[in-house]
$ cat target_31.txt   # compact mmCIF, C-alpha atoms
# COMPACT_ATOMS: atom_id res chain seq x y z
CA MET A 268 7.95 26.51 -17.27
CA ASN A 269 11.66 26.47 -18.02
CA ILE A 270 13.45 23.33 -16.96
CA ASN A 271 17.16 22.99 -17.49
CA ARG A 272 18.92 19.71 -17.89
CA ARG A 273 19.96 19.49 -14.24
CA GLN A 274 16.38 19.97 -12.98
CA MET A 275 15.14 17.48 -15.56
CA LEU A 276 17.59 14.86 -14.29
CA ILE A 277 16.26 15.36 -10.77
CA LEU A 278 12.60 15.44 -11.79
CA LEU A 279 12.54 12.33 -13.93
CA PRO A 280 13.50 9.80 -11.23
CA ALA A 281 11.17 11.57 -8.80
CA ALA A 282 8.29 11.20 -11.25
CA ALA A 283 9.22 7.57 -11.82
CA ILE A 284 9.15 6.85 -8.08
CA ALA A 285 5.79 8.61 -7.71
CA TRP A 286 4.31 6.56 -10.55
CA LYS A 287 5.68 3.35 -9.05
CA SER A 288 3.86 4.08 -5.81
CA VAL A 289 0.63 4.69 -7.71
CA LEU A 290 1.04 1.26 -9.24
CA ALA A 291 1.99 -0.52 -6.06
CA GLY A 292 -1.38 0.48 -4.68
CA THR A 293 -0.62 -0.01 -1.02
CA PRO A 294 -2.76 2.32 1.09
CA GLU A 295 0.29 4.26 2.25
CA ASP A 296 1.00 5.00 -1.38
CA SER A 297 -2.38 6.55 -2.13
CA PRO A 298 -2.39 8.87 0.86
CA ASN A 299 -4.71 11.43 -0.72
CA TYR A 300 -7.66 9.04 -0.78
CA LYS A 301 -10.07 9.50 2.11
CA MET A 302 -12.92 7.00 2.26
CA SER A 303 -15.27 9.37 4.03
CA ASP A 304 -15.03 11.87 1.15
CA HIS A 305 -16.66 9.57 -1.39
CA TRP A 306 -19.92 7.75 -2.04
CA TRP A 307 -19.50 5.85 -5.25
CA GLY A 308 -22.10 4.79 -7.78
CA MET A 309 -22.51 4.23 -11.49
CA LEU A 310 -24.61 5.94 -14.14
CA ILE A 311 -25.71 3.77 -17.06
CA ASP A 312 -27.14 5.60 -20.04
CA ILE A 313 -29.27 3.04 -21.90
CA PRO A 314 -29.82 5.09 -25.11
CA LYS A 315 -26.04 5.34 -25.55
CA CYS A 316 -25.25 1.63 -25.23
CA ILE A 317 -24.47 -0.08 -28.55
CA GLY A 318 -23.84 -3.56 -27.12
CA CYS A 319 -20.21 -3.82 -28.27
CA GLY A 320 -19.15 -5.75 -25.16
CA ASN A 321 -16.07 -3.59 -24.55
CA CYS A 322 -16.99 -3.21 -20.86
CA VAL A 323 -17.31 -6.96 -20.35
CA ARG A 324 -13.91 -7.64 -21.93
CA ALA A 325 -12.25 -4.76 -20.09
CA CYS A 326 -13.64 -5.98 -16.77
CA GLN A 327 -12.35 -9.49 -17.42
CA THR A 328 -8.88 -8.16 -18.27
CA GLU A 329 -8.67 -5.73 -15.39
CA ASN A 330 -9.97 -8.06 -12.69
CA ASP A 331 -8.87 -11.50 -13.94
CA VAL A 332 -12.48 -12.70 -14.10
CA PRO A 333 -12.56 -16.39 -15.11
CA ASP A 334 -14.20 -17.36 -18.41
CA GLY A 335 -17.92 -17.94 -18.10
CA TYR A 336 -18.25 -15.72 -15.01
CA PHE A 337 -19.14 -12.05 -15.10
CA ARG A 338 -18.74 -9.05 -12.84
CA THR A 339 -20.54 -7.06 -15.51
CA TRP A 340 -22.50 -8.26 -18.49
CA VAL A 341 -24.79 -6.82 -21.16
CA GLU A 342 -28.32 -8.00 -21.93
CA ARG A 343 -30.23 -7.27 -25.12
CA TYR A 344 -33.96 -6.80 -24.76
CA HIS A 345 -36.42 -7.14 -27.59
CA VAL A 346 -39.90 -5.88 -26.84
CA SER A 347 -42.32 -6.81 -29.62
CA ASP A 348 -44.97 -4.51 -31.06
CA TRP A 349 -47.67 -6.58 -29.36
CA GLU A 350 -46.07 -6.13 -25.95
CA MET A 351 -45.69 -2.42 -26.49
CA LYS A 352 -49.43 -2.17 -27.18
CA ASN A 353 -50.30 -4.40 -24.21
CA PRO A 354 -47.83 -3.46 -21.51
CA GLN A 355 -50.16 -4.78 -18.83
CA ASP A 356 -49.79 -8.32 -20.23
CA ILE A 357 -46.01 -8.37 -20.13
CA MET A 358 -46.03 -10.28 -16.86
CA THR A 359 -48.45 -12.94 -18.09
CA ASN A 360 -45.76 -14.68 -20.09
CA PRO A 361 -42.51 -13.60 -18.52
CA MET A 362 -40.49 -16.41 -20.09
CA THR A 363 -40.87 -15.13 -23.64
CA ASP A 364 -41.87 -11.49 -23.24
CA PRO A 365 -39.69 -9.58 -23.64
CA GLN A 366 -36.95 -11.62 -25.26
CA VAL A 367 -33.68 -11.20 -23.40
CA ILE A 368 -30.37 -12.55 -24.70
CA SER A 369 -26.85 -12.25 -23.38
CA PRO A 370 -24.54 -14.61 -25.34
CA ASP A 371 -21.40 -15.14 -23.21
CA GLY A 372 -22.40 -12.04 -21.26
CA GLY A 373 -22.24 -9.97 -24.44
CA LYS A 374 -18.46 -10.28 -24.33
CA GLU A 375 -18.13 -10.59 -28.11
CA GLY A 376 -21.09 -8.41 -28.96
CA PHE A 377 -24.49 -9.59 -30.15
CA PRO A 378 -25.82 -11.29 -33.29
CA VAL A 379 -27.17 -8.87 -35.89
CA ALA A 380 -30.85 -8.21 -35.25
CA THR A 381 -32.84 -8.67 -38.43
CA ASP A 382 -36.38 -8.45 -37.03
CA THR A 383 -37.03 -4.72 -37.23
CA SER A 384 -40.42 -4.88 -35.49
CA GLY A 385 -40.74 -3.83 -31.88
CA LYS A 386 -37.93 -2.15 -30.07
CA TYR A 387 -34.47 -3.22 -28.95
CA PHE A 388 -32.18 -1.88 -26.28
CA PHE A 389 -29.11 -3.00 -24.37
CA VAL A 390 -28.95 -3.13 -20.60
CA PRO A 391 -25.47 -3.35 -19.09
CA LYS A 392 -25.68 -4.97 -15.68
CA MET A 393 -23.30 -5.06 -12.77
CA CYS A 394 -23.25 -4.87 -8.98
CA ASN A 395 -25.53 -2.03 -7.93
CA HIS A 396 -23.38 -1.27 -4.88
CA CYS A 397 -26.51 -1.00 -2.76
CA ALA A 398 -26.42 1.19 0.30
CA ASP A 399 -28.66 -1.32 2.12
CA SER A 400 -27.39 -4.39 0.34
CA PRO A 401 -29.09 -7.72 1.00
CA CYS A 402 -25.89 -9.62 0.21
CA THR A 403 -23.83 -8.10 3.02
CA GLN A 404 -26.60 -8.61 5.56
CA VAL A 405 -26.69 -12.38 5.16
CA CYS A 406 -22.94 -13.06 5.45
CA PRO A 407 -22.43 -15.23 8.54
CA VAL A 408 -18.76 -14.32 9.05
CA GLY A 409 -18.49 -10.65 8.12
CA ALA A 410 -16.60 -11.33 4.91
CA THR A 411 -18.62 -8.95 2.76
CA PHE A 412 -19.47 -5.39 3.63
CA VAL A 413 -20.31 -1.92 2.40
CA ALA A 414 -17.08 0.06 2.68
CA PRO A 415 -17.30 3.59 4.15
CA ASP A 416 -17.18 4.97 0.60
CA GLY A 417 -20.25 3.01 -0.53
CA VAL A 418 -18.57 0.18 -2.42
CA VAL A 419 -19.71 -3.37 -1.65
CA LEU A 420 -16.62 -5.55 -1.27
CA VAL A 421 -15.72 -9.16 -0.46
CA ASP A 422 -12.83 -10.07 1.83
CA PRO A 423 -11.53 -13.22 0.09
CA LYS A 424 -9.46 -14.21 3.13
CA TYR A 425 -12.52 -14.31 5.36
CA CYS A 426 -15.06 -15.71 2.92
CA LEU A 427 -16.05 -19.34 3.53
CA GLY A 428 -17.69 -19.78 0.14
CA CYS A 429 -21.09 -20.64 1.61
CA ALA A 430 -22.74 -18.78 -1.32
CA TYR A 431 -25.49 -17.39 0.88
CA CYS A 432 -24.74 -13.93 -0.56
CA VAL A 433 -24.96 -15.30 -4.10
CA GLN A 434 -28.56 -16.26 -3.36
CA ALA A 435 -29.31 -13.05 -1.52
CA CYS A 436 -28.31 -10.67 -4.32
CA PRO A 437 -31.54 -9.79 -6.16
CA TYR A 438 -29.56 -8.71 -9.23
CA GLY A 439 -27.53 -11.91 -9.68
CA CYS A 440 -24.25 -10.05 -9.51
CA ARG A 441 -22.24 -12.52 -7.42
CA TYR A 442 -20.64 -15.85 -8.16
CA ILE A 443 -18.35 -18.33 -6.44
CA HIS A 444 -14.90 -18.07 -7.97
CA PRO A 445 -14.15 -21.51 -9.49
CA GLU A 446 -10.53 -21.60 -8.23
CA LYS A 447 -10.55 -19.54 -5.07
CA ARG A 448 -13.91 -21.02 -3.96
CA THR A 449 -14.86 -17.68 -2.43
CA ALA A 450 -17.58 -15.21 -3.36
CA ASP A 451 -16.50 -12.78 -6.05
CA LYS A 452 -18.13 -9.69 -7.50
CA CYS A 453 -17.61 -6.24 -8.98
CA THR A 454 -15.39 -4.11 -6.75
CA LEU A 455 -16.23 -1.00 -8.78
CA CYS A 456 -12.52 -1.27 -9.67
CA TYR A 457 -11.69 -0.27 -6.12
CA HIS A 458 -7.98 -0.44 -6.91
CA ARG A 459 -8.52 2.16 -9.63
CA ILE A 460 -11.02 4.59 -8.11
CA THR A 461 -8.86 4.94 -4.97
CA LYS A 462 -6.07 6.17 -7.24
CA GLY A 463 -8.18 8.70 -9.12
CA LEU A 464 -8.76 6.52 -12.17
CA THR A 465 -12.18 5.57 -13.47
CA THR A 466 -13.34 1.95 -13.63
CA ALA A 467 -12.10 -0.33 -16.43
CA CYS A 468 -15.60 -0.61 -17.93
CA CYS A 469 -16.01 3.18 -18.04
CA GLU A 470 -12.51 3.56 -19.47
CA ALA A 471 -13.28 1.09 -22.25
CA CYS A 472 -16.82 2.23 -23.09
CA PRO A 473 -16.64 3.93 -26.51
CA THR A 474 -19.92 5.84 -26.21
CA GLY A 475 -19.85 7.05 -22.62
CA ALA A 476 -22.82 4.87 -21.72
CA ARG A 477 -21.22 4.13 -18.36
CA GLN A 478 -20.00 6.77 -15.99
CA LEU A 479 -18.51 6.41 -12.56
CA VAL A 480 -20.22 8.84 -10.19
CA ASP A 481 -19.22 10.16 -6.80
CA LEU A 482 -22.38 11.28 -5.03
CA LYS A 483 -20.40 13.07 -2.30
CA ASN A 484 -18.56 15.23 -4.81
CA PRO A 485 -20.66 18.39 -5.29
CA LYS A 486 -18.94 19.06 -8.63
CA ASP A 487 -19.85 15.67 -10.09
CA PRO A 488 -22.16 16.12 -13.14
CA ILE A 489 -24.39 13.35 -11.75
CA HIS A 490 -26.30 15.84 -9.58
CA GLU A 491 -27.32 17.90 -12.62
CA PHE A 492 -28.06 14.71 -14.54
CA LEU A 493 -30.33 13.27 -11.84
CA LYS A 494 -32.35 16.50 -11.79
CA THR A 495 -32.84 16.71 -15.55
CA HIS A 496 -33.35 13.06 -16.53
CA SER A 497 -35.75 10.28 -15.72
CA VAL A 498 -33.32 8.06 -13.88
CA GLN A 499 -34.30 4.76 -12.27
CA VAL A 500 -32.71 1.89 -10.40
CA LEU A 501 -33.36 -1.83 -10.83
CA LYS A 502 -35.97 -3.41 -8.53
CA PRO A 503 -36.74 -0.26 -6.56
CA GLN A 504 -39.46 -2.15 -4.68
CA MET A 505 -36.77 -4.13 -2.86
CA ALA A 506 -35.44 -0.94 -1.24
CA THR A 507 -31.84 -1.99 -1.64
CA GLY A 508 -30.61 1.58 -2.03
CA ALA A 509 -29.07 0.63 -5.38
CA LYS A 510 -26.51 3.09 -6.71
CA ALA A 511 -26.40 1.90 -10.32
CA PHE A 512 -28.56 4.57 -11.93
CA TYR A 513 -30.19 3.77 -15.27
CA ASN A 514 -31.18 6.55 -17.63
CA GLY A 515 -33.96 5.72 -20.08
CA LEU A 516 -34.73 2.35 -18.51
CA ASP A 517 -37.65 0.55 -20.13
CA GLY A 518 -40.49 -0.67 -17.93
CA SER A 519 -40.00 -4.25 -19.13
CA VAL A 520 -36.52 -4.52 -17.56
CA ARG A 521 -36.62 -6.68 -14.46
CA MET O 283 -19.18 -17.40 57.37
CA SER O 284 -21.92 -19.86 57.72
CA LEU O 285 -23.22 -18.53 54.42
CA PHE O 286 -20.30 -20.05 52.49
CA LYS O 287 -20.20 -23.21 54.56
CA ASP O 288 -19.97 -26.31 52.38
CA ALA O 289 -19.78 -24.03 49.26
CA GLY O 290 -16.27 -25.05 48.23
CA HIS O 291 -17.50 -26.99 45.25
CA LEU O 292 -19.33 -23.87 43.97
CA PHE O 293 -16.16 -21.76 44.20
CA ARG O 294 -14.22 -24.39 42.29
CA PHE O 295 -16.90 -24.35 39.63
CA ALA O 296 -16.87 -20.52 39.44
CA GLY O 297 -13.09 -20.59 39.20
CA LEU O 298 -13.37 -22.96 36.28
CA PHE O 299 -15.70 -20.50 34.55
CA VAL O 300 -13.31 -17.59 35.13
CA LEU O 301 -10.44 -19.68 33.76
CA ALA O 302 -12.45 -20.67 30.69
CA PHE O 303 -13.36 -17.01 30.11
CA LEU O 304 -9.69 -16.01 30.30
CA VAL O 305 -8.75 -18.76 27.85
CA PHE O 306 -11.53 -17.51 25.56
CA LEU O 307 -10.16 -13.95 25.73
CA VAL O 308 -6.63 -15.11 24.95
CA VAL O 309 -7.74 -17.30 22.03
CA ARG O 310 -9.98 -14.50 20.72
CA HIS O 311 -7.07 -12.08 20.87
CA PHE O 312 -5.01 -14.30 18.59
CA VAL O 313 -7.79 -15.50 16.28
CA VAL O 314 -9.63 -12.24 15.51
CA PRO O 315 -7.58 -9.98 13.20
CA PRO O 316 -6.67 -6.65 14.81
CA SER O 317 -8.49 -4.62 12.16
CA PHE O 318 -11.78 -6.50 12.60
CA GLY O 319 -14.42 -4.01 13.66
CA GLN O 320 -12.37 -0.98 12.63
CA TYR O 321 -15.17 0.27 10.36
CA GLY O 322 -17.86 -2.34 10.98
CA HIS O 323 -18.38 -6.07 11.33
CA TYR O 324 -15.56 -6.95 8.94
CA ARG O 325 -11.78 -6.90 8.59
CA GLY O 326 -10.77 -3.27 7.96
CA ALA O 327 -7.46 -4.29 6.41
CA ALA O 328 -9.37 -6.05 3.61
CA ILE O 329 -10.18 -2.68 2.05
CA ALA O 330 -6.50 -1.86 1.52
CA GLU O 331 -5.83 -5.39 0.26
CA ILE O 332 -8.55 -5.07 -2.38
CA ALA O 333 -7.21 -1.64 -3.34
CA SER O 334 -3.76 -3.11 -3.95
CA HIS O 335 -4.90 -5.12 -7.00
CA PRO O 336 -2.65 -4.19 -9.95
CA VAL O 337 -3.98 -1.72 -12.51
CA LYS O 338 -4.17 -2.99 -16.10
CA PHE O 339 -5.81 -0.06 -17.91
CA ALA O 340 -3.52 2.97 -17.63
CA GLY O 341 -6.28 5.53 -18.28
CA HIS O 342 -6.47 8.02 -21.16
CA ASP O 343 -4.73 10.78 -19.20
CA THR O 344 -1.65 8.62 -18.99
CA CYS O 345 -1.77 7.87 -22.74
CA GLU O 346 -2.17 11.53 -23.64
CA GLY O 347 0.84 12.44 -21.52
CA CYS O 348 3.12 11.02 -24.21
CA HIS O 349 0.90 10.62 -27.28
CA SER O 350 -0.43 14.17 -27.33
CA ASP O 351 -0.16 14.29 -31.13
CA VAL O 352 -2.62 11.41 -31.50
CA ALA O 353 -4.83 12.82 -28.75
CA ASP O 354 -5.03 16.19 -30.51
CA LYS O 355 -5.99 14.54 -33.77
CA LYS O 356 -8.55 12.30 -32.08
CA ASN O 357 -10.11 15.15 -30.12
CA LYS O 358 -10.91 17.00 -33.35
CA GLY O 359 -12.61 14.00 -34.96
CA LYS O 360 -15.71 11.91 -34.36
CA HIS O 361 -13.89 9.57 -31.98
CA ALA O 362 -13.11 12.39 -29.54
CA HIS O 363 -15.10 10.73 -26.75
CA VAL O 364 -13.58 7.26 -27.32
CA ASN O 365 -10.78 6.55 -24.86
CA CYS O 366 -7.48 5.21 -26.22
CA GLU O 367 -7.77 1.86 -24.46
CA ALA O 368 -11.29 1.24 -25.74
CA CYS O 369 -9.59 0.16 -28.98
CA HIS O 370 -5.95 -0.43 -28.03
CA GLY O 371 -6.70 -2.55 -24.97
CA ALA O 372 -5.14 -2.45 -21.52
CA GLN O 373 -1.79 -0.65 -21.73
CA ALA O 374 -0.59 -0.14 -18.16
CA LYS O 375 2.34 -2.48 -18.84
CA HIS O 376 3.38 -0.31 -21.77
CA ALA O 377 2.80 2.94 -19.89
CA THR O 378 4.70 1.93 -16.77
CA ALA O 379 7.67 0.17 -18.36
CA ASP O 380 10.99 1.86 -17.69
CA ASP O 381 11.31 2.11 -21.46
CA PRO O 382 7.79 2.02 -22.98
CA SER O 383 9.19 1.07 -26.38
CA THR O 384 10.19 -2.34 -25.01
CA VAL O 385 6.53 -3.24 -24.38
CA LYS O 386 5.04 -2.65 -27.79
CA PRO O 387 1.24 -2.64 -27.88
CA VAL O 388 -0.33 -4.91 -30.48
CA LEU O 389 -1.94 -2.92 -33.28
CA PRO O 390 -5.69 -3.66 -33.28
CA ASP O 391 -7.10 -5.60 -36.24
CA VAL O 392 -9.42 -3.09 -37.93
CA ALA O 393 -11.53 -5.84 -39.51
CA VAL O 394 -12.64 -6.99 -36.05
CA LEU O 395 -12.37 -3.74 -34.16
CA CYS O 396 -14.44 -1.40 -36.36
CA ALA O 397 -17.11 -4.02 -37.00
CA ARG O 398 -17.62 -4.63 -33.30
CA CYS O 399 -19.18 -1.20 -32.90
CA HIS O 400 -20.23 -0.22 -36.41
CA THR O 401 -21.86 -3.37 -37.82
CA ALA O 402 -25.44 -2.49 -38.66
CA SER O 403 -28.05 -4.05 -36.40
CA ALA O 404 -31.68 -3.17 -35.75
CA ALA O 405 -30.85 -3.42 -32.05
CA LYS O 406 -28.45 -0.46 -32.02
CA PRO O 407 -29.57 3.11 -31.38
CA LYS O 408 -30.73 4.65 -34.67
CA THR O 409 -28.43 7.65 -34.30
CA PHE O 410 -25.31 5.53 -34.05
CA PRO O 411 -23.35 5.34 -37.35
CA GLN O 412 -23.52 1.74 -38.60
CA VAL O 413 -22.88 -0.08 -41.88
CA VAL O 414 -23.11 -3.58 -43.32
CA PRO O 415 -19.35 -4.24 -43.66
CA ALA O 416 -19.61 -6.53 -46.72
CA ASP O 417 -21.67 -4.01 -48.73
CA HIS O 418 -19.91 -0.92 -47.42
CA SER O 419 -16.27 -1.62 -48.20
CA ASN O 420 -16.40 -4.54 -50.62
CA GLY O 421 -14.05 -6.48 -48.35
CA MET O 422 -11.41 -3.76 -48.08
CA PRO O 423 -10.08 -2.96 -44.61
CA CYS O 424 -11.77 0.05 -43.02
CA ASP O 425 -8.52 1.98 -42.67
CA THR O 426 -8.10 2.10 -46.44
CA CYS O 427 -10.45 5.09 -46.37
CA HIS O 428 -11.02 5.94 -42.70
CA GLN O 429 -8.32 6.97 -40.29
CA PRO O 430 -9.35 5.34 -36.99
CA HIS O 431 -8.23 8.34 -34.91
CA SER O 432 -10.32 10.73 -37.00
CA PRO O 433 -12.69 8.59 -39.04
CA GLY O 434 -14.59 11.33 -40.91
CA MET O 435 -13.96 11.23 -44.67
CA ASP O 436 -12.80 14.89 -44.81
CA ALA O 437 -10.07 14.16 -42.35
CA ALA O 438 -9.22 10.91 -44.08
CA ALA O 439 -8.75 12.57 -47.46
CA ALA O 440 -5.96 14.71 -46.07
CA ASP O 441 -4.26 12.01 -44.05
CA VAL O 442 -4.59 8.85 -46.08
CA PRO O 443 -1.15 7.35 -46.47
CA ALA O 444 -0.12 6.26 -49.96
CA LYS O 445 -0.45 2.50 -49.79
CA PRO O 446 -2.19 -0.13 -51.86
CA ALA O 447 -5.76 -0.97 -51.02
CA GLY O 448 -5.99 -3.95 -48.72
CA GLY O 449 -2.48 -3.31 -47.44
CA VAL O 450 -1.73 -4.97 -44.15
CA LYS O 451 -0.70 -2.68 -41.39
$ encode --input "target_31.txt" --output "structure tokens"
Amino acid sequence: MNINRRQMLILLPAAAIAWKSVLAGTPEDSPNYKMSDHWWGMLIDIPKCIGCGNCVRACQTENDVPDGYFRTWVERYHVSDWEMKNPQDIMTNPMTDPQVISPDGGKEGFPVATDTSGKYFFVPKMCNHCADSPCTQVCPVGATFVAPDGVVLVDPKYCLGCAYCVQACPYGCRYIHPEKRTADKCTLCYHRITKGLTTACCEACPTGARQLVDLKNPKDPIHEFLKTHSVQVLKPQMATGAKAFYNGLDGSVR
Amino acid sequence: MSLFKDAGHLFRFAGLFVLAFLVFLVVRHFVVPPSFGQYGHYRGAAIAEIASHPVKFAGHDTCEGCHSDVADKKNKGKHAHVNCEACHGAQAKHATADDPSTVKPVLPDVAVLCARCHTASAAKPKTFPQVVPADHSNGMPCDTCHQPHSPGMDAAAADVPAKPAGGVK
């Protein structure tokens, strides 16, 4: 493409204005986004996670999450040799078996593991953006809801801070914001995915262990992935319709 | 009209109900936001409000728009799948400034950055490259030998800048 100086002078301000509108993020400025065309979820590839905590830090930066609160966090599981040989006994002592740690949500990584026995793995956790979410069903004022594109959101102007939803979430993904005194949770970076960007945690993940998926997009690699891998969700018995898909999830993860 | 004889007090009562209902409708009109119920039992306008949160991570496509030289180098090396902002942090301020050179990103500290991912731990996947930093480099910064954008030693041999070991970037 040949662009002379005159065309360049016209194009540059136009591009600048377009980029400004992307940033402003008002709905009029992302006119190409249609809620009914999407059904968002997340794929978490356990064997790829190295527990660096990049996702936790990125989420805090992107969404101004207060210290000590987490929209996403990483847990490290340690299943001992004994537990691996006696999987049926795992539930008999659930406080110690398996050992789960998550120092400061895994924000600064994890201590070096020296005990080489058993097996270790990292489990990044976040809102599962359930299709039949328990948290939205209990809200007495209609302040939390599943948006038409499958993202579970909180309306901070309507929320009373009764924390009923915090108790209802079986995955512990909600908290009461210490300053706003309203319920707060992962928005699946709604301000990013509506502009064609991926979430902050996916952007920052160095190994590709997290991937934003759009189940309504027939070209999304998730469809192929779901067919060829053993993919599970957390607490399937609760029938929440969770859309955080875990590849290679160990049976001891609760 | 003998049916409604002596029923005046009932009509007054019914009128009171109608009046109260009208007051309720008027109050409801002003109290319930117009977008409530647009998509469901919630305020429809909240969706756009949540979507208007400012973006902090510009996204690797934005980075590569200007820094294609670094992107080309990175895409040939072992860090091809690592996005720019995984190491350099959120850079939307830099990317969207009228003059990006005025918002200079802070250069990551390799001593912290490399170790965060590559410190050896029994907990990490066995296939992931990991070292014990103290034994591996004898205290020298990682970028003495490895170029972060293309960390393989073959690539590093060609690109290593002439600078004293332990030099501060």
$ atom_distance --input "target_31.txt" --atom1 "atom CA of A:Glu375" --atom2 "atom CA of O:Thr409"
21.8 Å
$ atom_distance --input "target_31.txt" --atom1 "atom CA of A:Ile460" --atom2 "atom CA of O:Arg398"
27.6 Å
$ residues_near_point --input "target_31.txt" --point "(-11.5, -2.7, -39.8)" --cutoff "10 Å" --atoms "all atoms listed in the file" --output "MDAnalysis selection string"
chainID O and resid 390:398 400 415 419 421:426 428 430
$ atom_distance --input "target_31.txt" --atom1 "atom CA of O:Tyr324" --atom2 "atom CA of A:Val332"
23.9 Å
$ closest_residue --input "target_31.txt" --among "A:Asp364, A:Glu470, A:Asp334, A:Asp481" --to "chain O" --atoms "all atoms listed in the file"
A:Glu470
$ interface_residues --input "target_31.txt" --of "chain O" --to "chain A" --cutoff "8 Å" --atoms "only C-alpha atoms" --output "PyMOL selection string"
chain O and resi 321+323-325+328-339+341-342+363-365+367-369+371-372+378+398-399+401-407+410
$ closest_residue --input "target_31.txt" --among "A:Val323, A:Val390, A:Cys406, A:Trp349" --to "A:Lys374" --atoms "all atoms listed in the file"
A:Val323
$ residues_around --input "target_31.txt" --residues "A:Lys502" --least-positions-apart "3" --cutoff "12 Å" --atoms "all atoms listed in the file" --output "PDB file with C-alpha atoms, in the coordinates of the input"
ATOM      1  CA  ASN A 395     -25.530  -2.030  -7.930  1.00  0.00           C
ATOM      2  CA  CYS A 397     -26.510  -1.000  -2.760  1.00  0.00           C
ATOM      3  CA  CYS A 436     -28.310 -10.670  -4.320  1.00  0.00           C
ATOM      4  CA  PRO A 437     -31.540  -9.790  -6.160  1.00  0.00           C
ATOM      5  CA  TYR A 438     -29.560  -8.710  -9.230  1.00  0.00           C
ATOM      6  CA  GLN A 499     -34.300   4.760 -12.270  1.00  0.00           C
ATOM      7  CA  MET A 505     -36.770  -4.130  -2.860  1.00  0.00           C
ATOM      8  CA  ALA A 506     -35.440  -0.940  -1.240  1.00  0.00           C
ATOM      9  CA  THR A 507     -31.840  -1.990  -1.640  1.00  0.00           C
ATOM     10  CA  GLY A 508     -30.610   1.580  -2.030  1.00  0.00           C
ATOM     11  CA  ALA A 509     -29.070   0.630  -5.380  1.00  0.00           C
ATOM     12  CA  LYS A 510     -26.510   3.090  -6.710  1.00  0.00           C
ATOM     13  CA  ALA A 511     -26.400   1.900 -10.320  1.00  0.00           C
ATOM     14  CA  PHE A 512     -28.560   4.570 -11.930  1.00  0.00           C
ATOM     15  CA  TYR A 513     -30.190   3.770 -15.270  1.00  0.00           C
ATOM     16  CA  LEU A 516     -34.730   2.350 -18.510  1.00  0.00           C
ATOM     17  CA  GLY A 518     -40.490  -0.670 -17.930  1.00  0.00           C
ATOM     18  CA  SER A 519     -40.000  -4.250 -19.130  1.00  0.00           C
ATOM     19  CA  VAL A 520     -36.520  -4.520 -17.560  1.00  0.00           C
ATOM     20  CA  ARG A 521     -36.620  -6.680 -14.460  1.00  0.00           C
TER      21      ARG A 521
END
$ decode --input "target_31.txt" --residues "stretch 356-368 of chain O" --atoms "N, CA and C atoms" --output "CSV table (one decimal), in the first residue's frame"
chain,number,residue,atom,x,y,z
O,356,LYS,N,11.5,-12.2,19.1
O,356,LYS,CA,10.9,-13.0,20.1
O,356,LYS,C,10.2,-14.2,19.5
O,357,ASN,N,9.6,-14.0,18.4
O,357,ASN,CA,8.8,-15.1,17.7
O,357,ASN,C,9.7,-16.2,17.2
O,358,LYS,N,11.0,-15.9,17.0
O,358,LYS,CA,11.9,-17.0,16.6
O,358,LYS,C,12.5,-17.8,17.7
O,359,GLY,N,12.4,-17.2,18.9
O,359,GLY,CA,13.0,-17.8,20.1
O,359,GLY,C,12.1,-18.6,20.9
O,360,LYS,N,12.6,-19.0,22.1
O,360,LYS,CA,11.8,-19.9,23.0
O,360,LYS,C,10.7,-19.1,23.7
O,361,HIS,N,10.8,-17.8,23.7
O,361,HIS,CA,9.7,-17.0,24.4
O,361,HIS,C,8.6,-16.6,23.4
O,362,ALA,N,8.5,-17.3,22.3
O,362,ALA,CA,7.6,-16.9,21.3
O,362,ALA,C,6.1,-16.7,21.8
O,363,HIS,N,5.8,-17.7,22.7
O,363,HIS,CA,4.4,-17.7,23.2
O,363,HIS,C,4.2,-16.8,24.4
O,364,VAL,N,5.3,-16.1,24.9
O,364,VAL,CA,5.1,-15.2,26.0
O,364,VAL,C,4.8,-13.8,25.5
O,365,ASN,N,3.6,-13.3,26.0
O,365,ASN,CA,3.2,-12.0,25.6
O,365,ASN,C,4.1,-10.9,26.2
O,366,CYS,N,4.2,-9.8,25.5
O,366,CYS,CA,5.1,-8.7,25.9
O,366,CYS,C,4.9,-8.3,27.3
O,367,GLU,N,3.6,-8.1,27.7
O,367,GLU,CA,3.2,-7.5,29.0
O,367,GLU,C,3.3,-8.6,30.1
O,368,ALA,N,3.6,-9.8,29.8
O,368,ALA,CA,3.8,-10.8,30.8
O,368,ALA,C,5.1,-10.4,31.6
